[in-house]
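A.B. asks: Sharing target25.txt below, compact mmCIF, C-alpha atoms:
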# COMPACT_ATOMS: atom_id res chain seq x y z
CA MET A 1 104.78 70.00 87.87
CA TYR A 2 105.13 72.93 85.47
CA ASP A 3 107.72 73.33 82.74
CA ILE A 4 108.24 76.99 83.57
CA ILE A 5 107.23 79.07 86.59
CA ILE A 6 107.35 82.86 86.33
CA ILE A 7 107.35 85.16 89.34
CA GLY A 8 105.84 88.48 88.35
CA ALA A 9 102.96 89.51 86.09
CA GLY A 10 104.19 92.79 84.65
CA PRO A 11 105.20 93.28 81.00
CA ALA A 12 108.33 91.14 81.41
CA GLY A 13 106.68 88.21 83.17
CA ILE A 14 103.60 88.16 80.95
CA SER A 15 105.68 88.47 77.77
CA ALA A 16 107.77 85.50 78.94
CA SER A 17 104.62 83.49 79.63
CA LEU A 18 103.18 84.15 76.17
CA TYR A 19 106.27 82.95 74.34
CA ALA A 20 106.71 79.94 76.60
CA LYS A 21 103.06 78.92 76.31
CA ARG A 22 103.08 79.31 72.52
CA ALA A 23 105.98 76.86 72.52
CA ASN A 24 103.52 74.35 74.04
CA LYS A 25 105.00 74.38 77.53
CA SER A 26 103.05 74.34 80.78
CA VAL A 27 103.43 77.76 82.37
CA LEU A 28 102.53 79.22 85.76
CA VAL A 29 102.65 82.93 86.56
CA ILE A 30 102.55 83.95 90.22
CA TYR A 31 102.14 87.57 91.27
CA TYR A 32 101.20 89.51 94.37
CA GLY A 33 100.78 93.10 95.40
CA GLU A 34 100.72 96.27 93.35
CA SER A 35 102.85 96.49 90.22
CA GLN A 36 104.91 99.59 89.43
CA LEU A 37 103.11 99.65 86.09
CA GLU A 38 99.78 100.18 87.82
CA LYS A 39 101.09 103.44 89.27
CA ALA A 40 101.62 104.95 85.80
CA HIS A 41 98.78 107.38 85.08
CA LEU A 42 99.38 107.43 81.31
CA ILE A 43 101.84 105.62 79.05
CA ASP A 44 102.12 107.48 75.74
CA ASN A 45 105.54 106.33 74.51
CA TYR A 46 104.72 102.66 73.90
CA TYR A 47 104.06 101.33 70.41
CA GLY A 48 100.47 100.88 69.27
CA PHE A 49 98.55 103.26 71.54
CA ASP A 50 98.14 106.55 69.70
CA GLY A 51 96.13 108.04 72.56
CA GLY A 52 98.18 106.45 75.31
CA ILE A 53 97.02 103.86 77.83
CA SER A 54 96.92 103.83 81.60
CA GLY A 55 99.33 101.57 83.42
CA THR A 56 96.43 99.82 85.14
CA ASP A 57 94.76 99.00 81.82
CA LEU A 58 97.97 97.75 80.22
CA TYR A 59 98.75 95.61 83.27
CA SER A 60 95.31 93.98 83.47
CA SER A 61 95.18 93.46 79.69
CA GLY A 62 98.46 91.57 79.80
CA ILE A 63 97.26 89.25 82.54
CA ASN A 64 93.98 88.61 80.70
CA GLN A 65 95.90 87.86 77.50
CA ALA A 66 98.00 85.24 79.28
CA LYS A 67 94.93 83.63 80.82
CA THR A 68 93.18 83.53 77.42
CA LEU A 69 96.17 81.71 75.95
CA GLY A 70 95.98 79.09 78.71
CA VAL A 71 98.66 80.27 81.13
CA ASP A 72 97.88 79.48 84.77
CA VAL A 73 97.93 82.75 86.71
CA LYS A 74 97.86 82.81 90.52
CA ASN A 75 97.63 85.83 92.79
CA GLU A 76 99.62 84.51 95.76
CA GLU A 77 102.54 85.77 97.83
CA VAL A 78 105.75 83.81 97.22
CA LEU A 79 107.62 83.12 100.45
CA HIS A 80 110.32 80.60 99.52
CA ILE A 81 112.10 79.38 96.40
CA SER A 82 114.53 76.46 96.52
CA MET A 83 116.09 73.85 94.26
CA ASN A 84 115.34 70.20 95.06
CA ALA A 85 117.36 67.04 94.49
CA ASP A 86 115.93 66.67 90.98
CA MET A 87 117.25 70.14 90.02
CA ASN A 88 113.71 71.45 89.84
CA TYR A 89 112.50 74.61 91.57
CA GLU A 90 110.06 74.45 94.46
CA ILE A 91 108.01 77.57 95.11
CA LYS A 92 106.18 77.95 98.39
CA THR A 93 103.47 80.59 98.58
CA ALA A 94 101.30 81.62 101.48
CA ASP A 95 98.67 79.16 100.21
CA ASN A 96 100.30 76.46 98.05
CA GLU A 97 103.47 74.78 96.84
CA TYR A 98 104.49 74.44 93.18
CA GLU A 99 107.32 72.79 91.28
CA GLY A 100 108.84 73.82 87.98
CA ARG A 101 111.70 72.72 85.76
CA ALA A 102 112.73 76.30 84.97
CA LEU A 103 112.22 79.58 86.79
CA ILE A 104 111.93 83.15 85.52
CA LEU A 105 112.23 86.06 87.96
CA ALA A 106 110.34 89.09 86.69
CA THR A 107 109.40 90.78 89.94
CA GLY A 108 110.57 94.31 89.28
CA ASN A 109 113.19 95.98 91.40
CA LYS A 110 112.02 96.54 94.96
CA LYS A 111 114.16 98.80 97.10
CA LEU A 112 114.31 97.24 100.54
CA ARG A 113 116.42 99.64 102.59
CA PRO A 114 114.33 101.07 105.43
CA ASN A 115 114.20 104.82 105.87
CA ILE A 116 115.77 104.67 109.32
CA LYS A 117 118.92 106.43 110.49
CA GLY A 118 121.84 104.00 110.41
CA ALA A 119 120.27 101.60 107.89
CA ALA A 120 122.79 102.33 105.16
CA GLU A 121 125.75 102.53 107.53
CA PHE A 122 125.23 99.07 109.01
CA GLU A 123 124.43 97.08 105.87
CA ALA A 124 126.62 93.95 105.98
CA LYS A 125 127.58 95.01 109.51
CA GLY A 126 124.66 93.39 111.28
CA ILE A 127 121.91 94.31 108.86
CA SER A 128 120.95 91.51 106.48
CA TYR A 129 118.29 90.98 103.83
CA CYS A 130 118.43 87.16 103.79
CA ALA A 131 117.88 84.91 106.82
CA ILE A 132 118.88 81.74 104.99
CA CYS A 133 122.08 83.39 103.74
CA ASP A 134 123.27 85.02 106.95
CA GLY A 135 121.41 83.37 109.82
CA PHE A 136 124.40 81.11 110.52
CA PHE A 137 126.46 84.12 111.63
CA PHE A 138 123.97 84.86 114.42
CA ARG A 139 123.94 81.50 116.15
CA ASN A 140 122.76 81.79 119.75
CA LYS A 141 122.48 85.55 119.45
CA THR A 142 119.62 88.02 119.66
CA VAL A 143 118.18 89.19 116.36
CA ALA A 144 115.18 91.12 115.10
CA VAL A 145 113.19 90.96 111.87
CA LEU A 146 111.95 94.27 110.51
CA GLY A 147 108.54 93.82 108.86
CA ASN A 148 104.98 92.80 109.62
CA GLY A 149 103.77 90.53 106.81
CA ASP A 150 104.02 86.86 105.88
CA TYR A 151 107.47 87.46 104.44
CA ALA A 152 108.70 88.75 107.80
CA LEU A 153 107.20 85.71 109.56
CA SER A 154 108.90 83.42 107.06
CA GLU A 155 112.28 85.04 107.74
CA ALA A 156 111.68 84.75 111.50
CA ALA A 157 110.93 81.04 111.07
CA ASP A 158 114.28 80.58 109.32
CA LEU A 159 116.01 82.20 112.29
CA GLU A 160 114.18 80.66 115.22
CA ASN A 161 116.28 77.47 115.35
CA ILE A 162 119.53 79.40 114.94
CA ALA A 163 119.26 82.51 117.07
CA GLN A 164 118.74 82.53 120.82
CA LYS A 165 116.00 85.16 120.59
CA VAL A 166 113.99 86.53 117.65
CA TYR A 167 111.99 89.75 117.83
CA ILE A 168 109.70 91.15 115.16
CA LEU A 169 109.77 94.93 114.80
CA THR A 170 106.89 96.41 112.81
CA ASN A 171 108.07 100.04 112.89
CA GLY A 172 104.62 101.38 113.68
CA GLU A 173 102.71 99.01 111.39
CA PRO A 174 100.06 96.57 112.69
CA ALA A 175 101.34 93.39 114.30
CA PRO A 176 101.17 90.14 112.31
CA GLN A 177 98.90 87.35 113.50
CA THR A 178 101.30 85.17 115.48
CA ASP A 179 102.16 84.38 119.07
CA LYS A 180 105.48 82.67 118.31
CA TYR A 181 107.65 85.79 118.57
CA GLU A 182 107.86 88.85 120.75
CA ILE A 183 106.51 91.71 118.64
CA ILE A 184 107.28 95.39 119.15
CA THR A 185 105.11 97.78 117.15
CA LYS A 186 106.75 101.06 118.16
CA LYS A 187 108.33 103.21 115.44
CA LEU A 188 112.10 103.09 115.11
CA SER A 189 114.25 106.20 115.10
CA GLU A 190 117.79 104.82 114.71
CA ILE A 191 119.91 101.71 114.28
CA LYS A 192 122.96 102.01 116.53
CA GLY A 193 126.33 100.35 116.94
CA ASP A 194 130.06 100.80 116.52
CA MET A 195 131.62 98.41 114.02
CA LYS A 196 128.41 96.32 114.04
CA VAL A 197 124.77 96.70 115.02
CA ARG A 198 124.36 96.78 118.78
CA SER A 199 120.83 98.12 119.30
CA VAL A 200 117.82 99.85 117.82
CA GLU A 201 116.30 102.98 119.32
CA PHE A 202 112.59 103.67 119.26
CA GLU A 203 110.96 107.07 118.95
CA ASP A 204 110.13 107.03 122.66
CA GLY A 205 113.87 106.86 123.44
CA GLN A 206 113.92 103.24 124.60
CA GLU A 207 116.53 100.90 123.13
CA LEU A 208 116.53 97.20 122.33
CA GLU A 209 119.89 95.45 122.32
CA ILE A 210 120.28 93.13 119.32
CA ASP A 211 123.16 91.53 117.43
CA GLY A 212 121.52 91.56 114.02
CA LEU A 213 118.60 93.06 112.09
CA PHE A 214 116.97 91.20 109.19
CA VAL A 215 114.98 93.41 106.84
CA ALA A 216 111.80 91.80 105.45
CA LEU A 217 109.59 94.71 104.50
CA GLY A 218 106.48 94.12 102.42
CA VAL A 219 106.78 91.13 100.10
CA ALA A 220 109.94 89.46 98.83
CA GLY A 221 111.36 90.80 95.57
CA GLY A 222 113.65 89.45 92.90
CA ALA A 223 116.84 90.44 94.71
CA ASP A 224 115.66 88.62 97.85
CA PHE A 225 115.08 85.40 95.94
CA ALA A 226 118.35 85.84 94.04
CA LYS A 227 120.33 85.94 97.28
CA LYS A 228 118.66 82.79 98.57
CA LEU A 229 119.39 80.92 95.33
CA GLY A 230 122.96 82.15 94.96
CA ILE A 231 122.20 84.25 91.88
CA ALA A 232 124.80 86.89 91.10
CA LEU A 233 123.73 90.49 91.70
CA GLU A 234 125.10 93.81 90.58
CA GLY A 235 123.87 96.24 93.20
CA ASP A 236 120.13 95.60 93.48
CA SER A 237 119.91 94.11 89.97
CA ILE A 238 120.19 90.49 88.83
CA LYS A 239 123.08 89.86 86.45
CA THR A 240 122.05 88.08 83.25
CA LYS A 241 123.63 86.94 80.01
CA ASP A 242 122.30 87.98 76.60
CA ASP A 243 119.75 85.15 76.70
CA MET A 244 118.54 86.39 80.13
CA SER A 245 120.00 83.36 81.92
CA THR A 246 121.63 83.80 85.31
CA ASN A 247 124.60 81.99 86.81
CA VAL A 248 122.21 79.40 88.30
CA PRO A 249 121.09 76.69 85.84
CA GLY A 250 117.44 76.93 84.85
CA VAL A 251 116.93 80.40 86.32
CA PHE A 252 116.29 83.38 84.05
CA SER A 253 115.42 86.97 84.79
CA CYS A 254 113.92 89.91 82.92
CA GLY A 255 112.46 93.38 83.31
CA ASN A 256 113.29 96.07 85.85
CA ILE A 257 115.05 93.61 88.16
CA THR A 258 117.88 93.36 85.60
CA GLY A 259 118.52 97.11 85.71
CA GLY A 260 119.13 99.34 82.72
CA LEU A 261 116.32 101.17 80.92
CA LEU A 262 113.22 100.97 83.11
CA GLN A 263 110.72 101.02 80.27
CA VAL A 264 107.88 98.75 79.11
CA CYS A 265 109.55 98.17 75.74
CA LYS A 266 112.69 96.76 77.39
CA ALA A 267 110.66 94.59 79.75
CA VAL A 268 108.64 93.09 76.89
CA TYR A 269 111.77 92.31 74.86
CA GLU A 270 113.60 90.74 77.79
CA GLY A 271 110.50 88.76 78.72
CA ALA A 272 110.31 87.29 75.22
CA GLU A 273 114.00 86.41 75.34
CA ALA A 274 113.70 84.83 78.81
CA GLY A 275 110.63 82.84 77.81
CA LEU A 276 112.29 81.42 74.69
CA SER A 277 115.51 80.68 76.58
CA ALA A 278 113.61 78.88 79.33
CA VAL A 279 111.89 76.77 76.66
CA LYS A 280 115.29 75.78 75.24
CA TYR A 281 116.50 74.87 78.73
CA VAL A 282 113.46 72.68 79.39
CA LYS A 283 113.95 70.95 76.03
CA GLY A 284 117.60 70.32 76.86
CA GLU A 285 118.93 72.40 73.99
Output the structure of this file as structure tokens.
C.D. replies:
Amino acid sequence: MYDIIIIGAGPAGISASLYAKRANKSVLVIYYGESQLEKAHLIDNYYGFDGGISGTDLYSSGINQAKTLGVDVKNEEVLHISMNADMNYEIKTADNEYEGRALILATGNKKLRPNIKGAAEFEAKGISYCAICDGFFFRNKTVAVLGNGDYALSEAADLENIAQKVYILTNGEPAPQTDKYEIITKKLSEIKGDMKVRSVEFEDGQELEIDGLFVALGVAGGADFAKKLGIALEGDSIKTKDDMSTNVPGVFSCGNITGGLLQVCKAVYEGAEAGLSAVKYVKGE
């Protein structure tokens, strides 16, 4: 059991971990995949680096700083987050399960919409980004999950006892290692329908009739977890109060996932605020 679990190891997540750990709380940071910060060739507008610093160096330095302070840092893909009967948060990764009294989402803002004709048109009209949220509406129907990683398999597992048939569509990417679902690896050209999704068309002209399409590209991001936990969103961003708390007790958020100025300085500030606020929550203040 941890006092505080943080999802994300960028400037926001690491800043939150430093403040929470210095308050003598047990802290776990979980991260996976490439950070947006690592893609920055040179950061020359951040305080303290007169010659600039690469995003990769700043990112790795932050993680090392947290580890040096005693923060537990795990490189694992988070698949599920839920609240248990004790009002604690259970985090399931591809390898382990963890429990924490408070949760901070600092995953960055991942745009999930696939670059496929019809994807925007049929959002909320048969296209969903959350199997737990919307699976009920596809009882005994035929659905497909768009993706090819562990996150896609996890979404398919949430649907298999609800839907009559579950396909996995990889859109030209390699097939995941499973024999539980029918997998189609052909590239998609269009999502079709009238008022709702009715089929997907592949580049070879063939069509697959489906009633719903669940998007699970890459790894789950903050908005994905927010939907599953009932956290209020504004567009793709998590809505927070001044103390970085969300509408769900014990859940805080910081960094790019909250929208606004997408800069390191903002992420570090919000991370500090979220870390301190999570500490107060754990202490019952």
A.B. asks: For range 199-251 of chain A against range 134-154 of chain A, with a cut-off of 10 Å and counting only C-alpha atoms, what is the closest atom pair and its distance in Å to one decimal for every residue that makes the cut, ordered by chain and number, as a tab-separated table?
C.D. replies:
residue	atom	partner	partner_atom	distance
A:Ser199	CA	A:Val143	CA	9.8
A:Val200	CA	A:Ala144	CA	9.5
A:Leu208	CA	A:Ala144	CA	9.5
A:Glu209	CA	A:Thr142	CA	7.9
A:Ile210	CA	A:Thr142	CA	5.2
A:Asp211	CA	A:Thr142	CA	5.5
A:Gly212	CA	A:Val143	CA	4.7
A:Leu213	CA	A:Ala144	CA	5.0
A:Phe214	CA	A:Val145	CA	4.6
A:Val215	CA	A:Leu146	CA	4.8
A:Ala216	CA	A:Ala152	CA	4.9
A:Leu217	CA	A:Gly147	CA	4.6
A:Gly218	CA	A:Gly149	CA	6.3
A:Val219	CA	A:Tyr151	CA	5.7
A:Ala220	CA	A:Tyr151	CA	6.4
A:Lys228	CA	A:Asp134	CA	9.8
A.B. asks: Tell me, as a VMD selection string, which residues lie within 10 Å of Ala278 in chain A, counting all atoms listed in the file; anything in the same chain fewer than 3 positions away does not count.
C.D. replies: chain A and resid 3 to 5 16 19 to 20 25 101 to 104 243 to 245 250 to 253 272 to 275 281 to 285
A.B. asks: Tell me, in Å to one decimal, how far CA of Thr185 in chain A is from CA of Ala131 in chain A.
C.D. replies: 20.9 Å
A.B. asks: Take the point (113.6, 82.4, 105.6) in the file's coordinates, draw a sphere of radius 8 Å around it, and report as a PyMOL selection string every protein, DNA or RNA residue with an atom inside or on it, counting all atoms listed in the file.
C.D. replies: chain A and resi 79-80+130-132+154-159
A.B. asks: Nearest residue to Gly13 in chain A out of A:Ser26, A:Ser237, A:Gln164, A:Asn256, using only C-alpha atoms?
C.D. replies: A:Asn256
A.B. asks: Counting all atoms listed in the file, which residue out of A:Cys254, A:Leu37, A:Val78, A:Leu188 sits closest to Gly118 in chain A?
C.D. replies: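 Smallest distance to Gly118 in chain A is found for A:Leu188.
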A.B. asks: Could you check the closest approach to Ile191 in chain A for each of A:Ala120, A:Ala175, A:Ala163, A:Ile238 and tell me which residue wins, using all atoms listed in the file?
C.D. replies: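 Once distances to Ile191 in chain A are computed over all atoms listed in the file, the minimum belongs to A:Ala120.
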A.B. asks: From the options A:Val268, A:Val166, A:Ile116, A:Leu261, which residue's atoms come nearest to Glu201 in chain A, counting only C-alpha atoms?
C.D. replies: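 Answer, going by the shortest atom-to-atom distance: A:Ile116.
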A.B. asks: Taking (96.7, 90.5, 82.7) as a centre in this file's frame and 12 Å as the limit, can you find every polymer residue with an atom that close, using all atoms listed in the file, and give them as an mmCIF file with C-alpha atoms, in the coordinates of the input?
C.D. replies:
data_model
loop_
_atom_site.group_PDB
_atom_site.id
_atom_site.type_symbol
_atom_site.label_atom_id
_atom_site.label_comp_id
_atom_site.auth_asym_id
_atom_site.auth_seq_id
_atom_site.Cartn_x
_atom_site.Cartn_y
_atom_site.Cartn_z
ATOM 1 C CA GLY A 8 105.840 88.480 88.350
ATOM 2 C CA ALA A 9 102.960 89.510 86.090
ATOM 3 C CA GLY A 10 104.190 92.790 84.650
ATOM 4 C CA PRO A 11 105.200 93.280 81.000
ATOM 5 C CA ALA A 12 108.330 91.140 81.410
ATOM 6 C CA GLY A 13 106.680 88.210 83.170
ATOM 7 C CA ILE A 14 103.600 88.160 80.950
ATOM 8 C CA SER A 15 105.680 88.470 77.770
ATOM 9 C CA SER A 17 104.620 83.490 79.630
ATOM 10 C CA LEU A 18 103.180 84.150 76.170
ATOM 11 C CA VAL A 29 102.650 82.930 86.560
ATOM 12 C CA ILE A 30 102.550 83.950 90.220
ATOM 13 C CA TYR A 31 102.140 87.570 91.270
ATOM 14 C CA SER A 35 102.850 96.490 90.220
ATOM 15 C CA LEU A 37 103.110 99.650 86.090
ATOM 16 C CA GLU A 38 99.780 100.180 87.820
ATOM 17 C CA GLY A 55 99.330 101.570 83.420
ATOM 18 C CA THR A 56 96.430 99.820 85.140
ATOM 19 C CA ASP A 57 94.760 99.000 81.820
ATOM 20 C CA LEU A 58 97.970 97.750 80.220
ATOM 21 C CA TYR A 59 98.750 95.610 83.270
ATOM 22 C CA SER A 60 95.310 93.980 83.470
ATOM 23 C CA SER A 61 95.180 93.460 79.690
ATOM 24 C CA GLY A 62 98.460 91.570 79.800
ATOM 25 C CA ILE A 63 97.260 89.250 82.540
ATOM 26 C CA ASN A 64 93.980 88.610 80.700
ATOM 27 C CA GLN A 65 95.900 87.860 77.500
ATOM 28 C CA ALA A 66 98.000 85.240 79.280
ATOM 29 C CA LYS A 67 94.930 83.630 80.820
ATOM 30 C CA THR A 68 93.180 83.530 77.420
ATOM 31 C CA LEU A 69 96.170 81.710 75.950
ATOM 32 C CA VAL A 71 98.660 80.270 81.130
ATOM 33 C CA ASP A 72 97.880 79.480 84.770
ATOM 34 C CA VAL A 73 97.930 82.750 86.710
ATOM 35 C CA LYS A 74 97.860 82.810 90.520
ATOM 36 C CA ASN A 75 97.630 85.830 92.790
#
